[in-house]
file protein.cif (mmCIF, C-alpha atoms)
data_structure
#
loop_
_atom_site.group_PDB
_atom_site.id
_atom_site.type_symbol
_atom_site.label_atom_id
_atom_site.label_comp_id
_atom_site.auth_asym_id
_atom_site.auth_seq_id
_atom_site.Cartn_x
_atom_site.Cartn_y
_atom_site.Cartn_z
ATOM 1 C CA HIS A 1415 -70.475 23.631 149.282
ATOM 2 C CA LEU A 1416 -71.185 24.919 145.799
ATOM 3 C CA ALA A 1417 -73.484 22.031 144.820
ATOM 4 C CA GLU A 1418 -75.352 22.325 148.114
ATOM 5 C CA THR A 1419 -75.828 26.064 147.599
ATOM 6 C CA GLU A 1420 -77.020 25.527 144.017
ATOM 7 C CA ARG A 1421 -79.635 23.044 145.233
ATOM 8 C CA ALA A 1422 -80.833 25.206 148.129
ATOM 9 C CA LEU A 1423 -81.003 28.414 146.109
ATOM 10 C CA GLY A 1424 -82.641 26.602 143.196
ATOM 11 C CA ALA A 1425 -85.297 25.182 145.528
ATOM 12 C CA PHE A 1426 -85.906 28.621 147.050
ATOM 13 C CA LEU A 1427 -86.173 30.326 143.635
ATOM 14 C CA GLY A 1428 -88.061 27.498 141.962
ATOM 15 C CA HIS A 1429 -85.651 27.025 139.060
ATOM 16 C CA PRO A 1430 -82.185 25.566 138.484
ATOM 17 C CA VAL A 1431 -79.238 27.688 139.574
ATOM 18 C CA ARG A 1432 -75.626 27.425 138.402
ATOM 19 C CA GLY A 1433 -72.942 28.500 140.824
ATOM 20 C CA TYR A 1434 -69.347 29.427 140.145
ATOM 21 C CA VAL A 1435 -66.304 30.362 142.147
ATOM 22 C CA GLY A 1436 -65.133 33.822 141.103
ATOM 23 C CA ALA A 1437 -65.775 35.921 138.042
ATOM 24 C CA ARG A 1438 -63.334 33.934 135.920
ATOM 25 C CA GLY A 1439 -65.161 30.719 136.822
ATOM 26 C CA LEU A 1440 -68.478 32.301 135.875
ATOM 27 C CA LEU A 1441 -67.261 33.672 132.554
ATOM 28 C CA GLU A 1442 -65.394 30.515 131.550
ATOM 29 C CA GLY A 1443 -68.201 28.249 132.786
ATOM 30 C CA GLU A 1444 -70.900 29.998 130.802
ATOM 31 C CA ALA A 1445 -68.693 30.122 127.688
ATOM 32 C CA ALA A 1446 -68.027 26.375 128.011
ATOM 33 C CA ARG A 1447 -71.814 25.787 128.109
ATOM 34 C CA GLY A 1448 -72.092 27.657 124.809
ATOM 35 C CA GLU A 1449 -73.735 30.623 126.545
ATOM 36 C CA PRO A 1450 -70.965 33.243 126.789
ATOM 37 C CA LEU A 1451 -71.892 36.358 128.699
ATOM 38 C CA GLU A 1452 -71.834 39.748 127.016
ATOM 39 C CA ALA A 1453 -71.643 41.790 130.205
ATOM 40 C CA LEU A 1454 -70.682 41.366 133.846
ATOM 41 C CA ILE A 1455 -71.814 43.267 136.917
ATOM 42 C CA VAL A 1456 -69.046 43.433 139.515
ATOM 43 C CA ALA A 1457 -70.824 43.783 142.860
ATOM 44 C CA THR A 1458 -68.276 42.037 145.030
ATOM 45 C CA PRO A 1459 -66.211 43.262 147.970
ATOM 46 C CA ILE A 1460 -63.706 45.870 146.732
ATOM 47 C CA GLU A 1461 -60.791 43.483 147.149
ATOM 48 C CA ALA A 1462 -62.220 41.233 144.400
ATOM 49 C CA HIS A 1463 -62.845 43.977 141.819
ATOM 50 C CA GLU A 1464 -59.454 43.835 140.117
ATOM 51 C CA GLU A 1465 -59.596 40.067 139.635
ATOM 52 C CA ALA A 1466 -63.121 40.318 138.204
ATOM 53 C CA LEU A 1467 -62.123 43.160 135.863
ATOM 54 C CA GLU A 1468 -59.145 41.169 134.588
ATOM 55 C CA ALA A 1469 -61.419 38.168 134.009
ATOM 56 C CA ALA A 1470 -63.860 40.367 132.081
ATOM 57 C CA LEU A 1471 -61.058 41.706 129.904
ATOM 58 C CA ALA A 1472 -59.850 38.167 129.189
ATOM 59 C CA ALA A 1473 -63.404 37.115 128.256
ATOM 60 C CA ARG A 1474 -63.985 40.340 126.302
ATOM 61 C CA VAL A 1475 -67.184 41.355 128.116
ATOM 62 C CA HIS A 1476 -68.534 44.769 129.089
ATOM 63 C CA VAL A 1477 -68.598 45.660 132.808
ATOM 64 C CA LEU A 1478 -70.726 47.638 135.217
ATOM 65 C CA CYS A 1479 -68.609 47.848 138.374
ATOM 66 C CA GLU A 1480 -69.820 48.822 141.810
ATOM 67 C CA LYS A 1481 -67.896 51.790 143.175
ATOM 68 C CA PRO A 1482 -65.044 52.267 143.693
ATOM 69 C CA LEU A 1483 -63.339 50.652 140.706
ATOM 70 C CA LEU A 1484 -60.247 49.729 142.733
ATOM 71 C CA TRP A 1485 -59.119 50.519 146.255
ATOM 72 C CA SER A 1486 -56.328 48.309 147.495
ATOM 73 C CA GLY A 1487 -52.592 48.030 147.509
ATOM 74 C CA PRO A 1488 -49.901 50.314 146.178
ATOM 75 C CA GLY A 1489 -50.364 52.160 142.918
ATOM 76 C CA THR A 1490 -54.167 51.928 142.948
ATOM 77 C CA ALA A 1491 -54.715 55.015 140.772
ATOM 78 C CA ALA A 1492 -52.149 53.892 138.180
ATOM 79 C CA ARG A 1493 -53.631 50.370 138.079
ATOM 80 C CA ALA A 1494 -57.140 51.799 137.686
ATOM 81 C CA ARG A 1495 -56.042 54.094 134.834
ATOM 82 C CA GLU A 1496 -54.368 51.153 133.096
ATOM 83 C CA LEU A 1497 -57.510 49.009 133.425
ATOM 84 C CA VAL A 1498 -59.623 51.810 131.948
ATOM 85 C CA ARG A 1499 -57.130 52.191 129.094
ATOM 86 C CA ARG A 1500 -57.203 48.445 128.385
ATOM 87 C CA PHE A 1501 -61.030 48.325 128.363
ATOM 88 C CA GLU A 1502 -61.063 51.251 125.955
ATOM 89 C CA ALA A 1503 -58.399 49.669 123.722
ATOM 90 C CA ALA A 1504 -60.443 46.450 123.614
ATOM 91 C CA GLY A 1505 -63.592 48.382 122.639
ATOM 92 C CA LEU A 1506 -65.338 47.245 125.815
ATOM 93 C CA GLY A 1507 -67.676 49.308 127.932
ATOM 94 C CA LEU A 1508 -66.614 49.940 131.518
ATOM 95 C CA ALA A 1509 -68.938 51.890 133.792
ATOM 96 C CA ILE A 1510 -68.849 52.576 137.498
ATOM 97 C CA ASN A 1511 -72.096 52.625 139.425
ATOM 98 C CA ALA A 1512 -72.342 56.203 140.653
ATOM 99 C CA GLN A 1513 -75.956 56.951 141.496
ATOM 100 C CA TRP A 1514 -75.902 60.713 142.081
ATOM 101 C CA PRO A 1515 -75.788 61.783 138.414
ATOM 102 C CA TYR A 1516 -78.986 59.778 137.916
ATOM 103 C CA THR A 1517 -80.872 60.653 141.120
ATOM 104 C CA LEU A 1518 -80.288 64.412 141.093
ATOM 105 C CA PRO A 1519 -82.938 65.109 138.409
ATOM 106 C CA ALA A 1520 -85.593 63.849 140.847
ATOM 107 C CA TYR A 1521 -84.080 65.981 143.616
ATOM 108 C CA ARG A 1522 -84.114 69.015 141.319
ATOM 109 C CA ALA A 1523 -87.756 68.333 140.490
ATOM 110 C CA LEU A 1524 -88.583 68.429 144.205
ATOM 111 C CA PHE A 1525 -86.542 71.588 144.827
ATOM 112 C CA PRO A 1526 -86.528 73.531 141.524
ATOM 113 C CA ALA A 1527 -85.320 76.802 143.100
ATOM 114 C CA LEU A 1528 -82.102 75.210 144.312
ATOM 115 C CA GLU A 1529 -79.203 76.015 141.979
ATOM 116 C CA LEU A 1530 -76.720 73.261 142.725
ATOM 117 C CA ALA A 1531 -74.194 74.430 140.125
ATOM 118 C CA ARG A 1532 -73.734 77.674 142.094
ATOM 119 C CA ALA A 1533 -72.920 75.906 145.351
ATOM 120 C CA GLN A 1534 -69.617 76.933 146.936
ATOM 121 C CA ARG A 1535 -69.414 74.112 149.489
ATOM 122 C CA PHE A 1536 -71.334 71.047 150.513
ATOM 123 C CA ALA A 1537 -71.376 68.504 153.300
ATOM 124 C CA MET A 1538 -72.548 64.944 153.143
ATOM 125 C CA ARG A 1539 -73.365 62.806 156.156
ATOM 126 C CA LEU A 1540 -72.686 59.112 155.562
ATOM 127 C CA SER A 1541 -72.507 56.010 157.712
ATOM 128 C CA PRO A 1542 -69.774 53.871 156.165
ATOM 129 C CA ALA A 1543 -68.801 50.514 157.617
ATOM 130 C CA GLY A 1544 -65.324 51.671 158.681
ATOM 131 C CA THR A 1545 -63.998 54.690 160.523
ATOM 132 C CA GLY A 1546 -61.151 57.096 159.831
ATOM 133 C CA PRO A 1547 -59.237 56.486 156.600
ATOM 134 C CA SER A 1548 -60.708 52.958 156.278
ATOM 135 C CA MET A 1549 -64.123 54.503 155.589
ATOM 136 C CA LEU A 1550 -62.948 56.241 152.413
ATOM 137 C CA PRO A 1551 -63.660 53.352 149.995
ATOM 138 C CA ASP A 1552 -67.296 53.334 151.169
ATOM 139 C CA ALA A 1553 -67.852 57.065 151.525
ATOM 140 C CA LEU A 1554 -65.659 58.986 149.091
ATOM 141 C CA PRO A 1555 -67.337 57.685 145.892
ATOM 142 C CA HIS A 1556 -70.626 59.252 147.063
ATOM 143 C CA ALA A 1557 -69.089 62.712 147.389
ATOM 144 C CA LEU A 1558 -67.193 62.383 144.110
ATOM 145 C CA SER A 1559 -70.318 61.174 142.316
ATOM 146 C CA LEU A 1560 -72.297 64.136 143.640
ATOM 147 C CA LEU A 1561 -69.573 66.562 142.545
ATOM 148 C CA GLN A 1562 -69.509 64.899 139.122
ATOM 149 C CA ALA A 1563 -73.257 65.404 138.791
ATOM 150 C CA VAL A 1564 -73.267 69.015 139.965
ATOM 151 C CA ARG A 1565 -70.063 70.113 138.210
ATOM 152 C CA PRO A 1566 -69.590 67.929 135.117
ATOM 153 C CA ALA A 1567 -66.193 67.460 133.461
ATOM 154 C CA ARG A 1568 -66.726 70.344 131.064
ATOM 155 C CA ASP A 1569 -66.816 72.661 134.098
ATOM 156 C CA ARG A 1570 -63.428 72.427 135.786
ATOM 157 C CA ALA A 1571 -64.148 75.198 138.317
ATOM 158 C CA LEU A 1572 -63.648 73.005 141.388
ATOM 159 C CA ALA A 1573 -60.685 74.286 143.351
ATOM 160 C CA ALA A 1574 -58.939 73.147 146.513
ATOM 161 C CA PRO A 1575 -61.257 70.284 147.487
ATOM 162 C CA ARG A 1576 -60.933 69.309 151.141
ATOM 163 C CA ILE A 1577 -62.222 66.262 152.990
ATOM 164 C CA GLU A 1578 -62.969 66.407 156.694
ATOM 165 C CA LEU A 1579 -63.643 63.211 158.597
ATOM 166 C CA ARG A 1580 -65.853 63.526 161.658
ATOM 167 C CA ALA A 1581 -67.183 60.956 164.060
ATOM 168 C CA ALA A 1582 -70.946 60.404 164.339
ATOM 169 C CA ASP A 1583 -71.026 62.760 167.335
ATOM 170 C CA GLY A 1584 -69.471 65.548 165.202
ATOM 171 C CA SER A 1585 -66.027 65.343 166.756
ATOM 172 C CA ASP A 1586 -62.824 65.011 164.734
#
call {"tool": "encode", "arguments": {"input": "protein.cif", "output": "structure tokens"}}
result
Amino acid sequence: HLAETERALGAFLGHPVRGYVGARGLLEGEAARGEPLEALIVATPIEAHEEALEAALAARVHVLCEKPLLWSGPGTAARARELVRRFEAAGLGLAINAQWPYTLPAYRALFPALELARAQRFAMRLSPAGTGPSMLPDALPHALSLLQAVRPARDRALAAPRIELRAADGSD
């Protein structure tokens, strides 16, 4: 199906398209053509992030990863820390797409009297694909990104964070 997709997408876009299976295929394929990539955007389903990050490390390319970095299987936090450590040791950039630190300046411009850094609590209404604990990979990065933007790392005053999950009708 890959060749058929390349043809159809190329016809739609009006220029040739090269398709690959997986991040490793993309990185190795472009390198074999003499056009190695310098950076990779990982915008795949969460379950494919770890494989793509490993492929990027092997190819020695920088990564912008859609949030969350990892969210599957046992030891997720330890595996994520180890990946970050390995990217750093290799001298490669690794960034997670977290939009709130970059969108809040516009929000502050619209509401200059609002002092977000003095906030004691906040609530965020989201509509993730899943429900209950399965919605956390979609929803939690938004809240964490907002907290990161409002209370940066140099300000460790956050205490006793609590997450409450509610259904769309407001019930538990």
call {"tool": "closest_residue", "arguments": {"input": "protein.cif", "among": "A:Ala1417, A:Cys1479, A:Ala1512, A:Ala1425", "to": "Val1498 of chain A", "atoms": "all atoms listed in the file"}}
result
A:Cys1479
call {"tool": "axis_aligned_box", "arguments": {"input": "protein.cif", "around": "segment 1508-1521 of chain A", "padding_each_side": "5 Å", "output": "AutoDock Vina command-line options"}}
result
--center_x -76.1 --center_y 58.0 --center_z 137.6 --size_x 29.0 --size_y 26.0 --size_z 22.1
call {"tool": "atom_distance", "arguments": {"input": "protein.cif", "atom1": "atom CA of Pro1555 of chain A", "atom2": "atom CA of Pro1459 of chain A"}}
result
14.6 Å
call {"tool": "residues_around", "arguments": {"input": "protein.cif", "residues": "Ala1557 of chain A", "least_positions_apart": "6", "cutoff": "12 Å", "atoms": "only C-alpha atoms", "output": "number ranges by chain"}}
result
A: 1481-1482, 1512-1515, 1535-1540, 1550-1551, 1563-1565, 1575-1578
call {"tool": "resolve_selection", "arguments": {"input": "protein.cif", "expression": "the PyMOL selection byres ((chain A and resi 1468) around 12)", "output": "ChimeraX atom specification"}}
result
/A:1436-1438,1441,1454,1456,1462-1467,1469-1477,1484,1493-1494,1496-1498,1500-1501,1508
call {"tool": "atom_distance", "arguments": {"input": "protein.cif", "atom1": "atom CA of Glu1420 of chain A", "atom2": "atom CA of Val1435 of chain A"}}
result
11.9 Å
call {"tool": "closest_residue", "arguments": {"input": "protein.cif", "among": "A:Ala1553, A:Leu1416, A:Arg1432, A:Leu1478", "to": "Ala1509 of chain A", "atoms": "all atoms listed in the file"}}
result
A:Leu1478
call {"tool": "closest_residue", "arguments": {"input": "protein.cif", "among": "A:Leu1440, A:Ala1520, A:Ala1457, A:Leu1560", "to": "Ala1533 of chain A", "atoms": "all atoms listed in the file"}}
result
A:Leu1560
call {"tool": "closest_residue", "arguments": {"input": "protein.cif", "among": "A:Thr1419, A:Ala1531, A:Gly1489, A:Arg1495", "to": "Leu1518 of chain A", "atoms": "all atoms listed in the file"}}
result
A:Ala1531
call {"tool": "closest_residue", "arguments": {"input": "protein.cif", "among": "A:Leu1423, A:Leu1506, A:Leu1524, A:Ala1491", "to": "Glu1452 of chain A", "atoms": "all atoms listed in the file"}}
result
A:Leu1506
call {"tool": "atom_distance", "arguments": {"input": "protein.cif", "atom1": "atom CA of Thr1458 of chain A", "atom2": "atom CA of Ala1543 of chain A"}}
result
15.2 Å
call {"tool": "closest_residue", "arguments": {"input": "protein.cif", "among": "A:Tyr1516, A:Ile1510, A:Ala1523, A:Ile1460", "to": "Asp1552 of chain A", "atoms": "only C-alpha atoms"}}
result
A:Ile1460
